[in-house]
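See below for the structure under consideration.
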Amino acid sequence: MQPIITILGPTAIGKSRLAIELAKRFDGIIISADSRQIYKNFDIGSGKITSYEMQEIQHYMLDIRELWQDYNVAEFQKDVRQIIKELKDKKTLPFLVGGTGLYIESILYNYNLPTIAVNSSLRTELSKLNKVELQNKLLELSPEHNLNHSDWNNPVRLIRAIEIAQAKTIPLISNQANSYKPLLIGLTTSLENIKKNITTRVDARLEQGAIAEVENIKKILANKLSPDLTFQKLAQFGLGTMIINQYLEGKINYEGMRQQYIQSEYKYARRQLTWFRRMNDINWFEADDKNLIAKTNLLIADFLRLKS
RNA sequence: GGCUCCAUGGCCGAGAAGUUAGGCACGGGUCUGCAAAACCCUCUACAGCGGUGCGAGUCCGCUUGGAGCCU
């Protein structure tokens with residue numbers, strides 16, 4: 001079975017740095033599991049590492065889409081499976097590194113995603129309906145839907161459920177069971193440290209030109225999309241982008257923008273932790289541990305020996 | 001020294017006698033094709049003391065703290 005090392009954790013905790021060090025030691029390559037870093041021209045804001053920082057380690061799943069294009073889990077799953085498949089004979093060790101829990105699980109837990117693809121015209125139509133209308137429509141099409149209380153109130157999930165129900169065909173499952181043997185390494189630290197790291201990182205981003213980057217993103221999007229879609233797309237790149245945009249439009253001052261940016265990143269980190277908490281096969285490490293590299297190195301060595 | 005106004009939970013903010021406003025933040029959670037998204041749950045406060053009411057953030061008095069005006 002193909003071993004695959006996963007490094008996950010909340011934002012700004014040092015996943016990339018650790019991944020590079022370990023990849024160097026194990027003849028590895030890095031597959032990014034980050035839903036934003038797939039976009040070109042969104043570098044500073046998404047925390048993408050520079051080619052200098054990559055230190056010759058091959059990276060995949062970065063810059064694979066233009067800003068105006070869409071992407072989703074199903075595509076991610078397909079793309080990553082393909083990458084790993086092609087590696088197999090090369091004897092290299094893949095490191096799946098990132099903070100997008102859904103994307104990571106889709107690979108490691110072998111998600112069986114329905115074959116029903118996104119129907120954008122249907123989505124546009126459904127997005128005009130309010131929550132109750134969506135709920136009624138779903139009940140009509142699929143009386144015994146399995147949405148939980150939280151999702152039942154979530155327009156995004158309701159629309160997807162309707163999309164599946166609407167397809168009428170029996171949702172075939174694309175079950176190409178992969179045969180990966182995963183090892184999960186999780187990086188964590190106290191909430192205070194996370195907050196501190198995020199503050200440092202946000203300040204660094206602002207210094208490196210995060211604001212100019214958002215201006216550029218707006219320009220690129222506006223060139224390709226309608227004003228409406230441009231705004232929608234901009235929102236998709238995360239709160240940080242929206243907050244900087246508000247600053248650019250003069251709606252908030254610099255310090256207010258900075259504070260909100262930090263706060264939104266922190267909230268994101270909390271949500272990531274909530275997600276990872278339920279994955280119970282993670283080997284957790286303290287991010288500040290001086291022996292982090294040695295310890296994880298040992299864990300991987302044992303894991304690989306065990307595997308063969 | 002005199003007069004006037006204000007004082008609500010971490011923050012913003014409604015409420016002028018009779019359920020718990022609400023928003024944001026914090027904390028917890030959901031998650032199988034937008035996931036840095038979207039959604040769910042949770043936090044019961046009225047500056048202090050006394051009084052009048054069956055009943056007081058809501059009326060009266062005093063105290064404390066803040067804002068303004070006057071000599």
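As shown in the structure tokens, the chain order sets the letters A, B, ...; within each chain, residues go from 1, and ligands are also counted from 1 in the order they appear.
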Enumerate as a count of residues only the residues belonging to chain A that approach chain B to within 6 Å, with only C-alpha atoms (C1' of nucleotides) taken into account. 10
Can you list every residue in stretch 129-298 of chain A that DSSP puts in helix (DSSP H, G or I), as a PyMOL selection string? chain A and resi 131-141+149-152+155-166+191-208+210-224+227-236+239-248+254-277+292-298
Quick one: pull the distance between atom CA of A:Thr92 and atom CA of A:Asp43, Å, one decimal.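 One can read the atom CA of A:Thr92 to atom CA of A:Asp43 distance as 26.8 Å.
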Atomic distance atom CA of A:Glu163 - atom CA of A:Thr124, expressed in Å with one decimal: 11.4 Å
As a list in words, please: all residues of stretch 62-210 of chain A that backbone DSSP puts in strand (DSSP E or B).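 The strand (DSSP E or B) residues within stretch 62-210 of chain A come out as Arg65, Leu93, Pro94, Phe95, Leu96, Val97, Gly98, Pro114, Ile173, Tyr180, Lys181, Pro182, Leu183, Leu184, Ile185, Gly186, Leu187 and Thr188 of chain A.
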Find the residues around B:C46 up to 9 Å (only C-alpha atoms (C1' of nucleotides) counted), leave out those fewer than 6 positions away in its own chain, and share them as a list in words. U8, G9 and G57 of chain B
Identify, on the basis of only C-alpha atoms (C1' of nucleotides), every residue whose closest approach to stretch 16-19 of chain B does not exceed 7 Å; exclude the query and any residue fewer than 6 positions from it along the same chain; express the result as a list in words.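 With the cut-off at 7 Å, the set is G55, A56 and U58 of chain B.
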Save out the residues we just selected, C-alpha atoms (C1' of nucleotides), as a PDB file, in the first residue's frame.
ATOM      1  C1'   G B  55     -44.426  43.877  40.551  1.00  0.00           C
ATOM      2  C1'   A B  56     -38.581  48.514  38.811  1.00  0.00           C
ATOM      3  C1'   U B  58     -37.838  51.239  33.452  1.00  0.00           C
TER       4        U B  58
END
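Nearest to A:Ile185 of all the residues A:Ala165, A:Ile44, A:Ala287, A:Leu67 is A:Ala287, based on only C-alpha atoms.
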Stretch 187-191 of chain A: which residues within 6 Å, counting only C-alpha atoms (C1' of nucleotides), same-chain residues fewer than 2 positions away excluded, as a JSON list (two decimals) with N, CA and C atoms, in the first residue's frame?
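Output file around-v2.json is given in full below:
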[["chain", "number", "residue", "atom", "x", "y", "z"],
["A", 9, "GLY", "N", -2.96, 21.05, 10.61],
["A", 9, "GLY", "CA", -2.97, 21.91, 11.78],
["A", 9, "GLY", "C", -3.57, 23.24, 11.40],
["A", 193, "ASN", "N", -0.85, 31.14, 21.83],
["A", 193, "ASN", "CA", 0.22, 31.08, 20.84],
["A", 193, "ASN", "C", -0.32, 31.21, 19.41],
["A", 194, "ILE", "N", -1.44, 30.56, 19.19],
["A", 194, "ILE", "CA", -2.04, 30.64, 17.86],
["A", 194, "ILE", "C", -2.36, 32.09, 17.52],
["A", 284, "TRP", "N", -0.54, 14.02, 17.45],
["A", 284, "TRP", "CA", -0.37, 15.45, 17.71],
["A", 284, "TRP", "C", 1.00, 15.79, 18.26],
["A", 285, "PHE", "N", 1.51, 16.93, 17.80],
["A", 285, "PHE", "CA", 2.80, 17.43, 18.30],
["A", 285, "PHE", "C", 2.66, 18.90, 18.65],
["A", 286, "GLU", "N", 3.38, 19.28, 19.69],
["A", 286, "GLU", "CA", 3.43, 20.69, 20.07],
["A", 286, "GLU", "C", 4.29, 21.41, 19.04],
["A", 287, "ALA", "N", 3.71, 22.45, 18.44],
["A", 287, "ALA", "CA", 4.39, 23.14, 17.34],
["A", 287, "ALA", "C", 5.72, 23.77, 17.76]]
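With atom CA of A:Tyr60 on one side and atom CA of A:Ala301 on the other, the separation reads 23.2 Å.
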Could you list, as a list of chain:residue names, every residue within 7 Å of A:Pro94, counting only C-alpha atoms (C1' of nucleotides) and ignoring same-chain residues fewer than 3 positions away? A:Ile4, A:Ile5, A:Gly28, A:Ile29, A:Ile30, A:Ile31
Saved selection, atoms kept: C-alpha atoms, as a compact mmCIF listing (two decimals), in the first residue's frame:
# COMPACT_ATOMS: atom_id res chain seq x y z
CA ILE A 4 1.16 8.88 2.58
CA ILE A 5 2.25 11.29 5.26
CA GLY A 28 9.52 13.30 -0.48
CA ILE A 29 7.30 15.58 -2.48
CA ILE A 30 4.64 17.87 -1.11
CA ILE A 31 1.02 17.95 -2.12
Spatial neighbours of A:Phe276, 9 Å, only C-alpha atoms (C1' of nucleotides), chain gap at least 3 places, as a short mmCIF file (atom, residue, chain, number, x, y, z; two decimals) with C-alpha atoms, in the first residue's frame:
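Saved result, out15.cif, follows:
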data_model
loop_
_atom_site.label_atom_id
_atom_site.label_comp_id
_atom_site.auth_asym_id
_atom_site.auth_seq_id
_atom_site.Cartn_x
_atom_site.Cartn_y
_atom_site.Cartn_z
CA LEU A 8 -2.18 19.24 9.22
CA GLY A 9 -2.97 21.91 11.78
CA PRO A 10 -4.41 25.38 12.12
CA GLY A 101 -9.97 19.41 6.52
CA GLY A 186 -0.96 17.22 13.61
CA ARG A 271 -12.82 26.21 12.98
CA GLN A 272 -9.90 24.18 11.70
CA LEU A 273 -9.23 22.88 15.21
CA MET A 279 -10.31 13.00 13.45
CA ASN A 280 -9.02 10.62 16.04
CA ILE A 282 -3.89 12.16 14.38
#
For A:Ala235, the nearest of the candidates A:Arg36, A:Lys267, A:Met257, A:Asn112, counting only C-alpha atoms: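 Nearest to A:Ala235: A:Arg36.
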